[in-house]
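A.B. asks: Just one file: upload.cif, with mmCIF, C-alpha atoms.
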```
data_entry
loop_
_atom_site.label_atom_id
_atom_site.label_comp_id
_atom_site.auth_asym_id
_atom_site.auth_seq_id
_atom_site.Cartn_x
_atom_site.Cartn_y
_atom_site.Cartn_z
CA MET R 85 9.79 -11.56 -10.41
CA LYS R 86 11.16 -15.07 -10.07
CA ARG R 87 11.40 -16.43 -6.51
CA ALA R 88 14.78 -17.56 -5.27
CA ASP R 89 15.23 -21.21 -4.40
CA PRO R 90 15.10 -21.67 -0.60
CA VAL R 91 18.49 -23.41 -0.65
CA VAL R 92 20.05 -20.23 -2.06
CA LEU R 93 18.41 -18.16 0.68
CA GLU R 94 19.53 -20.63 3.35
CA SER R 95 23.07 -20.41 2.00
CA LEU R 96 22.99 -16.62 2.14
CA ALA R 97 21.69 -16.67 5.72
CA LEU R 98 24.51 -19.02 6.74
CA LYS R 99 27.07 -16.80 5.01
CA TYR R 100 25.67 -13.77 6.85
CA ARG R 101 26.14 -15.67 10.11
CA TYR R 102 29.71 -16.55 9.17
CA VAL R 103 30.54 -12.93 8.34
CA LEU R 104 28.77 -11.70 11.48
CA GLU R 105 30.86 -14.02 13.66
CA GLY R 106 34.03 -12.80 11.92
CA LEU R 107 33.09 -9.17 12.54
CA GLU R 108 32.36 -9.89 16.19
CA GLU R 109 35.72 -11.57 16.57
CA ILE R 110 37.50 -8.56 15.08
CA LEU R 111 35.48 -6.09 17.16
CA GLY R 112 35.70 -8.13 20.34
CA ARG R 113 32.00 -7.71 21.07
CA ARG R 114 28.61 -9.12 20.15
CA LEU R 115 26.54 -7.26 17.58
CA GLU R 116 22.96 -7.29 18.82
CA CYS R 117 21.10 -6.95 15.53
CA ILE R 118 21.55 -7.03 11.78
CA HIS R 119 20.47 -4.17 9.56
CA LEU R 120 19.73 -5.15 5.94
CA VAL R 121 19.13 -2.44 3.36
CA GLY R 122 18.67 -2.39 -0.38
CA GLY R 123 17.15 -5.03 -2.62
CA GLY R 124 17.77 -8.04 -0.40
CA MET R 125 15.51 -6.62 2.28
CA GLN R 126 12.54 -7.15 -0.04
CA ASN R 127 12.84 -10.91 0.33
CA GLN R 128 10.92 -11.75 3.49
CA LEU R 129 12.10 -15.35 3.55
CA LEU R 130 15.76 -14.27 3.37
CA CYS R 131 15.19 -11.81 6.20
CA GLN R 132 13.49 -14.41 8.39
CA PHE R 133 16.10 -17.07 7.63
CA THR R 134 18.87 -14.63 8.53
CA ALA R 135 17.25 -13.61 11.82
CA THR R 136 16.77 -17.23 12.85
CA ALA R 137 20.15 -18.49 11.58
CA THR R 138 22.02 -15.76 13.46
CA GLY R 139 19.77 -15.64 16.52
CA ARG R 140 19.54 -11.87 16.16
CA PRO R 141 16.74 -9.51 15.20
CA LEU R 142 17.02 -8.24 11.64
CA ILE R 143 15.98 -4.69 10.80
CA ALA R 144 15.05 -4.39 7.11
CA GLY R 145 15.08 -1.04 5.36
CA PRO R 146 15.22 1.39 3.83
CA LEU R 147 15.08 -0.05 0.33
CA GLU R 148 16.84 2.82 -1.47
CA ALA R 149 19.61 3.25 1.09
CA THR R 150 22.24 4.43 -1.40
CA ALA R 151 20.08 7.22 -2.81
CA ILE R 152 18.85 8.20 0.66
CA GLY R 153 22.39 8.27 2.02
CA ASN R 154 23.53 10.43 -0.87
CA LEU R 155 20.67 12.88 -0.34
CA MET R 156 21.28 13.03 3.42
CA MET R 157 25.01 13.69 2.97
CA GLN R 158 24.19 16.52 0.57
CA ALA R 159 21.80 17.99 3.15
CA LEU R 160 24.50 17.67 5.79
CA GLY R 161 27.13 19.27 3.57
CA LYS R 162 24.77 22.11 2.65
CA GLY R 163 24.03 22.76 6.32
CA ASP R 164 20.37 21.75 6.20
CA LEU R 165 21.21 19.09 8.79
CA GLY R 166 23.68 19.73 11.57
CA SER R 167 25.14 16.31 12.31
CA VAL R 168 25.17 12.63 11.45
CA ALA R 169 22.83 12.16 14.43
CA ASP R 170 20.38 14.52 12.69
CA VAL R 171 20.70 12.49 9.48
CA ARG R 172 19.90 9.28 11.36
CA GLN R 173 16.90 10.88 13.02
CA VAL R 174 15.48 12.08 9.68
CA VAL R 175 15.92 8.63 8.12
CA ARG R 176 14.31 6.89 11.13
CA ARG R 177 11.31 9.22 10.98
CA SER R 178 10.96 8.93 7.20
CA PHE R 179 11.29 5.20 6.55
CA ALA R 180 9.61 2.61 8.76
CA PRO R 181 11.76 -0.51 9.06
CA VAL R 182 10.42 -4.05 9.18
CA ILE R 183 11.78 -6.08 12.10
CA TYR R 184 12.24 -9.84 11.90
CA GLU R 185 12.75 -11.73 15.16
CA PRO R 186 14.47 -15.13 15.35
CA GLN R 187 11.96 -17.98 15.29
CA SER R 188 12.09 -21.48 16.69
CA GLY R 189 14.31 -23.93 14.85
CA LYS R 190 17.67 -22.52 15.90
CA ASP R 191 19.01 -26.06 16.56
CA ALA R 192 18.43 -27.03 12.91
CA TRP R 193 20.18 -23.83 11.79
CA ASP R 194 23.10 -24.57 14.12
CA GLN R 195 23.46 -28.04 12.58
CA ALA R 196 23.29 -26.62 9.06
CA TYR R 197 25.87 -24.01 10.04
CA GLY R 198 28.21 -26.73 11.28
CA ARG R 199 27.93 -28.49 7.91
CA TYR R 200 28.41 -25.15 6.11
CA ARG R 201 31.58 -24.40 8.11
CA SER R 202 32.99 -27.87 7.37
CA LEU R 203 32.84 -27.09 3.65
CA LEU R 204 34.79 -23.85 3.89
CA PRO R 205 38.51 -23.93 3.10
CA GLY R 206 40.75 -23.65 6.15
CA THR R 207 38.09 -24.61 8.69
#
```
Written as structure tokens, how would this file's structure read?
C.D. replies:
Amino acid sequence: MKRADPVVLESLALKYRYVLEGLEEILGRRLECIHLVGGGMQNQLLCQFTATATGRPLIAGPLEATAIGNLMMQALGKGDLGSVADVRQVVRRSFAPVIYEPQSGKDAWDQAYGRYRSLLPGT
């Protein structure tokens, strides 16, 4: 598998921060962590960049979230699970997440984010 260029991963992390800030503005509250599922969560550098760029812990996993969600909704619909809370509990017990904490270097990410924002239309 070919490795992604770090500049692409940095760009994605900055975009995640931009979207996160937009969501927080709409919701009127701070989101305390980011949960990344699917293929992107396999890239450790992307996960670490995102945690540091946003200043939030990133919880990675599960990898096959779509298939797992489908299976869990079928179990819920069939009555094997009683509630969405039960579904969440089964997933938590079945798939160990990887947690990435923000690292030092937030000032450099803040500067990069300022440059990123200046390139966006309407900002």
A.B. asks: Nearest residue to Met125 of chain R out of R:Gly198, R:Pro141, R:Gly166, R:Pro146, using all atoms listed in the file?
C.D. replies: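 Among the listed residues, the smallest separation from Met125 of chain R belongs to R:Pro146.
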A.B. asks: Padding 3 Å on every side, please: axis-aligned box over the listed atoms of segment 120-137 of chain R, centre and edge lengths to one decimal in Å, as AutoDock Vina command-line options.
C.D. replies:
```
--center_x 15.5 --center_y -10.4 --center_z 5.1 --size_x 15.2 --size_y 22.1 --size_z 21.5
```
A.B. asks: When distances are computed from only C-alpha atoms, which of R:Gln126, R:Ser95, R:Ser167, R:Gln173 shows the smallest separation from Glu148 of chain R?
C.D. replies: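 Using only C-alpha atoms, the shortest distance to Glu148 of chain R belongs to R:Gln126.
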A.B. asks: Go ahead and compute the interatomic distance for atom CA of Ile143 of chain R and atom CA of Leu130 of chain R, in Å to one decimal.
C.D. replies: 12.1 Å
A.B. asks: I'd like the neighbourhood of Leu204 of chain R as a PDB file with C-alpha atoms, keeping the file's coordinate frame, where a residue qualifies if any of its atoms comes within 12 Å (using only C-alpha atoms), though same-chain residues fewer than 3 positions away should be ignored.
C.D. replies:
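result-v3.pdb written:
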```pdb
ATOM      1  CA  LEU R  98      24.510 -19.020   6.740  1.00  0.00           C
ATOM      2  CA  LYS R  99      27.070 -16.800   5.010  1.00  0.00           C
ATOM      3  CA  TYR R 102      29.710 -16.550   9.170  1.00  0.00           C
ATOM      4  CA  TYR R 197      25.870 -24.010  10.040  1.00  0.00           C
ATOM      5  CA  GLY R 198      28.210 -26.730  11.280  1.00  0.00           C
ATOM      6  CA  ARG R 199      27.930 -28.490   7.910  1.00  0.00           C
ATOM      7  CA  TYR R 200      28.410 -25.150   6.110  1.00  0.00           C
ATOM      8  CA  ARG R 201      31.580 -24.400   8.110  1.00  0.00           C
ATOM      9  CA  THR R 207      38.090 -24.610   8.690  1.00  0.00           C
TER      10      THR R 207
END
```
A.B. asks: Got a sec to resolve the PyMOL selection byres ((chain R and resi 113-122) around 12) on this structure and send the residues as a PDB file with C-alpha atoms, in the coordinates of the input?
C.D. replies:
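That gives us result.pdb:
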```pdb
ATOM      1  CA  ALA R  97      21.690 -16.670   5.720  1.00  0.00           C
ATOM      2  CA  TYR R 100      25.670 -13.770   6.850  1.00  0.00           C
ATOM      3  CA  ARG R 101      26.140 -15.670  10.110  1.00  0.00           C
ATOM      4  CA  VAL R 103      30.540 -12.930   8.340  1.00  0.00           C
ATOM      5  CA  LEU R 104      28.770 -11.700  11.480  1.00  0.00           C
ATOM      6  CA  GLU R 105      30.860 -14.020  13.660  1.00  0.00           C
ATOM      7  CA  GLY R 106      34.030 -12.800  11.920  1.00  0.00           C
ATOM      8  CA  LEU R 107      33.090  -9.170  12.540  1.00  0.00           C
ATOM      9  CA  GLU R 108      32.360  -9.890  16.190  1.00  0.00           C
ATOM     10  CA  GLU R 109      35.720 -11.570  16.570  1.00  0.00           C
ATOM     11  CA  ILE R 110      37.500  -8.560  15.080  1.00  0.00           C
ATOM     12  CA  LEU R 111      35.480  -6.090  17.160  1.00  0.00           C
ATOM     13  CA  GLY R 112      35.700  -8.130  20.340  1.00  0.00           C
ATOM     14  CA  GLY R 123      17.150  -5.030  -2.620  1.00  0.00           C
ATOM     15  CA  GLY R 124      17.770  -8.040  -0.400  1.00  0.00           C
ATOM     16  CA  MET R 125      15.510  -6.620   2.280  1.00  0.00           C
ATOM     17  CA  GLN R 126      12.540  -7.150  -0.040  1.00  0.00           C
ATOM     18  CA  ASN R 127      12.840 -10.910   0.330  1.00  0.00           C
ATOM     19  CA  GLN R 128      10.920 -11.750   3.490  1.00  0.00           C
ATOM     20  CA  LEU R 130      15.760 -14.270   3.370  1.00  0.00           C
ATOM     21  CA  CYS R 131      15.190 -11.810   6.200  1.00  0.00           C
ATOM     22  CA  GLN R 132      13.490 -14.410   8.390  1.00  0.00           C
ATOM     23  CA  THR R 134      18.870 -14.630   8.530  1.00  0.00           C
ATOM     24  CA  ALA R 135      17.250 -13.610  11.820  1.00  0.00           C
ATOM     25  CA  THR R 136      16.770 -17.230  12.850  1.00  0.00           C
ATOM     26  CA  ALA R 137      20.150 -18.490  11.580  1.00  0.00           C
ATOM     27  CA  THR R 138      22.020 -15.760  13.460  1.00  0.00           C
ATOM     28  CA  GLY R 139      19.770 -15.640  16.520  1.00  0.00           C
ATOM     29  CA  ARG R 140      19.540 -11.870  16.160  1.00  0.00           C
ATOM     30  CA  PRO R 141      16.740  -9.510  15.200  1.00  0.00           C
ATOM     31  CA  LEU R 142      17.020  -8.240  11.640  1.00  0.00           C
ATOM     32  CA  ILE R 143      15.980  -4.690  10.800  1.00  0.00           C
ATOM     33  CA  ALA R 144      15.050  -4.390   7.110  1.00  0.00           C
ATOM     34  CA  GLY R 145      15.080  -1.040   5.360  1.00  0.00           C
ATOM     35  CA  PRO R 146      15.220   1.390   3.830  1.00  0.00           C
ATOM     36  CA  LEU R 147      15.080  -0.050   0.330  1.00  0.00           C
ATOM     37  CA  GLU R 148      16.840   2.820  -1.470  1.00  0.00           C
ATOM     38  CA  ALA R 149      19.610   3.250   1.090  1.00  0.00           C
ATOM     39  CA  THR R 150      22.240   4.430  -1.400  1.00  0.00           C
ATOM     40  CA  ALA R 151      20.080   7.220  -2.810  1.00  0.00           C
ATOM     41  CA  ILE R 152      18.850   8.200   0.660  1.00  0.00           C
ATOM     42  CA  GLY R 153      22.390   8.270   2.020  1.00  0.00           C
ATOM     43  CA  PHE R 179      11.290   5.200   6.550  1.00  0.00           C
ATOM     44  CA  PRO R 181      11.760  -0.510   9.060  1.00  0.00           C
ATOM     45  CA  VAL R 182      10.420  -4.050   9.180  1.00  0.00           C
ATOM     46  CA  ILE R 183      11.780  -6.080  12.100  1.00  0.00           C
ATOM     47  CA  TYR R 184      12.240  -9.840  11.900  1.00  0.00           C
ATOM     48  CA  GLU R 185      12.750 -11.730  15.160  1.00  0.00           C
ATOM     49  CA  PRO R 186      14.470 -15.130  15.350  1.00  0.00           C
TER      50      PRO R 186
END
```
A.B. asks: Just the number, please: distance in Å from atom CA of Val175 of chain R to atom CA of Phe133 of chain R, one decimal.
C.D. replies: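 Answer for the atom CA of Val175 of chain R to atom CA of Phe133 of chain R separation: 25.7 Å.
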A.B. asks: In Å, rounded to a single decimal, give me how far atom CA of Arg87 of chain R is from atom CA of Ser202 of chain R.
C.D. replies: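 Separation of atom CA of Ser202 of chain R and atom CA of Arg87 of chain R: 28.1 Å.
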A.B. asks: Which is closer to Gln158 of chain R than all the others in R:Ala196, R:Leu96, R:Val171, R:Ala88, using all atoms listed in the file?
C.D. replies: R:Val171
A.B. asks: Which is closest to Ser178 of chain R among R:Met156, R:Gly163, R:Asp191, R:Glu94, if we use all atoms listed in the file?
C.D. replies: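 When distances to Ser178 of chain R are compared using all atoms listed in the file, the smallest one comes from R:Met156.
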A.B. asks: Between R:Met157, R:Val168, R:Leu129, R:Leu203, single out the one closest to Pro90 of chain R, counting all atoms listed in the file.
C.D. replies: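 Closest to Pro90 of chain R of all the choices is R:Leu129.
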A.B. asks: Complete the atoms of segment 94-105 of chain R to all heavy atoms and put them out as a short mmCIF file (atom, residue, chain, number, x, y, z; two decimals), keeping the file's coordinate frame.
C.D. replies:
```cif
data_model
loop_
_atom_site.label_atom_id
_atom_site.label_comp_id
_atom_site.auth_asym_id
_atom_site.auth_seq_id
_atom_site.Cartn_x
_atom_site.Cartn_y
_atom_site.Cartn_z
N GLU R 94 18.91 -20.01 2.17
CA GLU R 94 19.53 -20.63 3.35
C GLU R 94 21.04 -20.42 3.33
O GLU R 94 21.66 -20.10 4.34
CB GLU R 94 19.20 -22.12 3.40
CG GLU R 94 17.75 -22.41 3.70
CD GLU R 94 17.38 -23.87 3.47
OE1 GLU R 94 18.24 -24.67 3.03
OE2 GLU R 94 16.21 -24.22 3.73
N SER R 95 21.63 -20.60 2.16
CA SER R 95 23.07 -20.41 2.00
C SER R 95 23.49 -18.98 2.31
O SER R 95 24.50 -18.74 2.99
CB SER R 95 23.46 -20.76 0.56
OG SER R 95 24.65 -21.42 0.50
N LEU R 96 22.70 -18.02 1.84
CA LEU R 96 22.99 -16.62 2.14
C LEU R 96 22.89 -16.34 3.64
O LEU R 96 23.74 -15.66 4.22
CB LEU R 96 22.03 -15.70 1.38
CG LEU R 96 22.33 -15.49 -0.09
CD1 LEU R 96 21.17 -14.80 -0.78
CD2 LEU R 96 23.60 -14.69 -0.26
N ALA R 97 21.85 -16.88 4.28
CA ALA R 97 21.69 -16.67 5.72
C ALA R 97 22.87 -17.25 6.49
O ALA R 97 23.36 -16.63 7.44
CB ALA R 97 20.37 -17.30 6.19
N LEU R 98 23.35 -18.42 6.08
CA LEU R 98 24.51 -19.02 6.74
C LEU R 98 25.78 -18.20 6.50
O LEU R 98 26.61 -18.05 7.39
CB LEU R 98 24.69 -20.47 6.29
CG LEU R 98 23.56 -21.42 6.72
CD1 LEU R 98 23.72 -22.78 6.04
CD2 LEU R 98 23.49 -21.56 8.23
N LYS R 99 25.92 -17.66 5.30
CA LYS R 99 27.07 -16.80 5.01
C LYS R 99 27.01 -15.53 5.85
O LYS R 99 28.02 -15.06 6.38
CB LYS R 99 27.11 -16.46 3.52
CG LYS R 99 28.26 -15.58 3.12
CD LYS R 99 29.59 -16.29 3.28
CE LYS R 99 30.72 -15.46 2.69
NZ LYS R 99 31.98 -16.19 2.67
N TYR R 100 25.83 -14.96 5.99
CA TYR R 100 25.67 -13.77 6.85
C TYR R 100 26.11 -14.09 8.27
O TYR R 100 26.78 -13.30 8.93
CB TYR R 100 24.23 -13.27 6.84
CG TYR R 100 23.74 -12.67 5.55
CD1 TYR R 100 22.38 -12.56 5.29
CD2 TYR R 100 24.61 -12.21 4.57
CE1 TYR R 100 21.90 -12.01 4.11
CE2 TYR R 100 24.14 -11.67 3.39
CZ TYR R 100 22.80 -11.57 3.17
OH TYR R 100 22.33 -11.01 2.01
N ARG R 101 25.73 -15.27 8.76
CA ARG R 101 26.14 -15.67 10.11
C ARG R 101 27.66 -15.79 10.20
O ARG R 101 28.27 -15.33 11.18
CB ARG R 101 25.47 -17.00 10.49
CG ARG R 101 25.89 -17.50 11.86
CD ARG R 101 25.10 -18.71 12.27
NE ARG R 101 25.65 -19.33 13.46
CZ ARG R 101 25.10 -20.36 14.07
NH1 ARG R 101 23.99 -20.89 13.59
NH2 ARG R 101 25.67 -20.88 15.14
N TYR R 102 28.25 -16.39 9.20
CA TYR R 102 29.71 -16.55 9.17
C TYR R 102 30.41 -15.19 9.20
O TYR R 102 31.35 -14.97 9.97
CB TYR R 102 30.10 -17.34 7.92
CG TYR R 102 31.57 -17.54 7.74
CD1 TYR R 102 32.26 -18.48 8.49
CD2 TYR R 102 32.27 -16.79 6.80
CE1 TYR R 102 33.63 -18.67 8.33
CE2 TYR R 102 33.63 -16.98 6.62
CZ TYR R 102 34.30 -17.92 7.39
OH TYR R 102 35.65 -18.09 7.22
N VAL R 103 29.96 -14.27 8.38
CA VAL R 103 30.54 -12.93 8.34
C VAL R 103 30.30 -12.19 9.65
O VAL R 103 31.19 -11.53 10.18
CB VAL R 103 29.99 -12.13 7.13
CG1 VAL R 103 30.41 -10.67 7.18
CG2 VAL R 103 30.46 -12.78 5.82
N LEU R 104 29.10 -12.33 10.20
CA LEU R 104 28.77 -11.70 11.48
C LEU R 104 29.72 -12.18 12.57
O LEU R 104 30.26 -11.37 13.35
CB LEU R 104 27.32 -11.99 11.86
CG LEU R 104 26.84 -11.46 13.20
CD1 LEU R 104 26.80 -9.94 13.18
CD2 LEU R 104 25.46 -12.03 13.52
N GLU R 105 29.95 -13.48 12.65
CA GLU R 105 30.86 -14.02 13.66
C GLU R 105 32.29 -13.49 13.46
O GLU R 105 32.98 -13.19 14.42
CB GLU R 105 30.84 -15.55 13.64
CG GLU R 105 29.56 -16.11 14.19
CD GLU R 105 29.50 -17.63 14.18
OE1 GLU R 105 30.46 -18.28 13.70
OE2 GLU R 105 28.49 -18.17 14.65
#
```
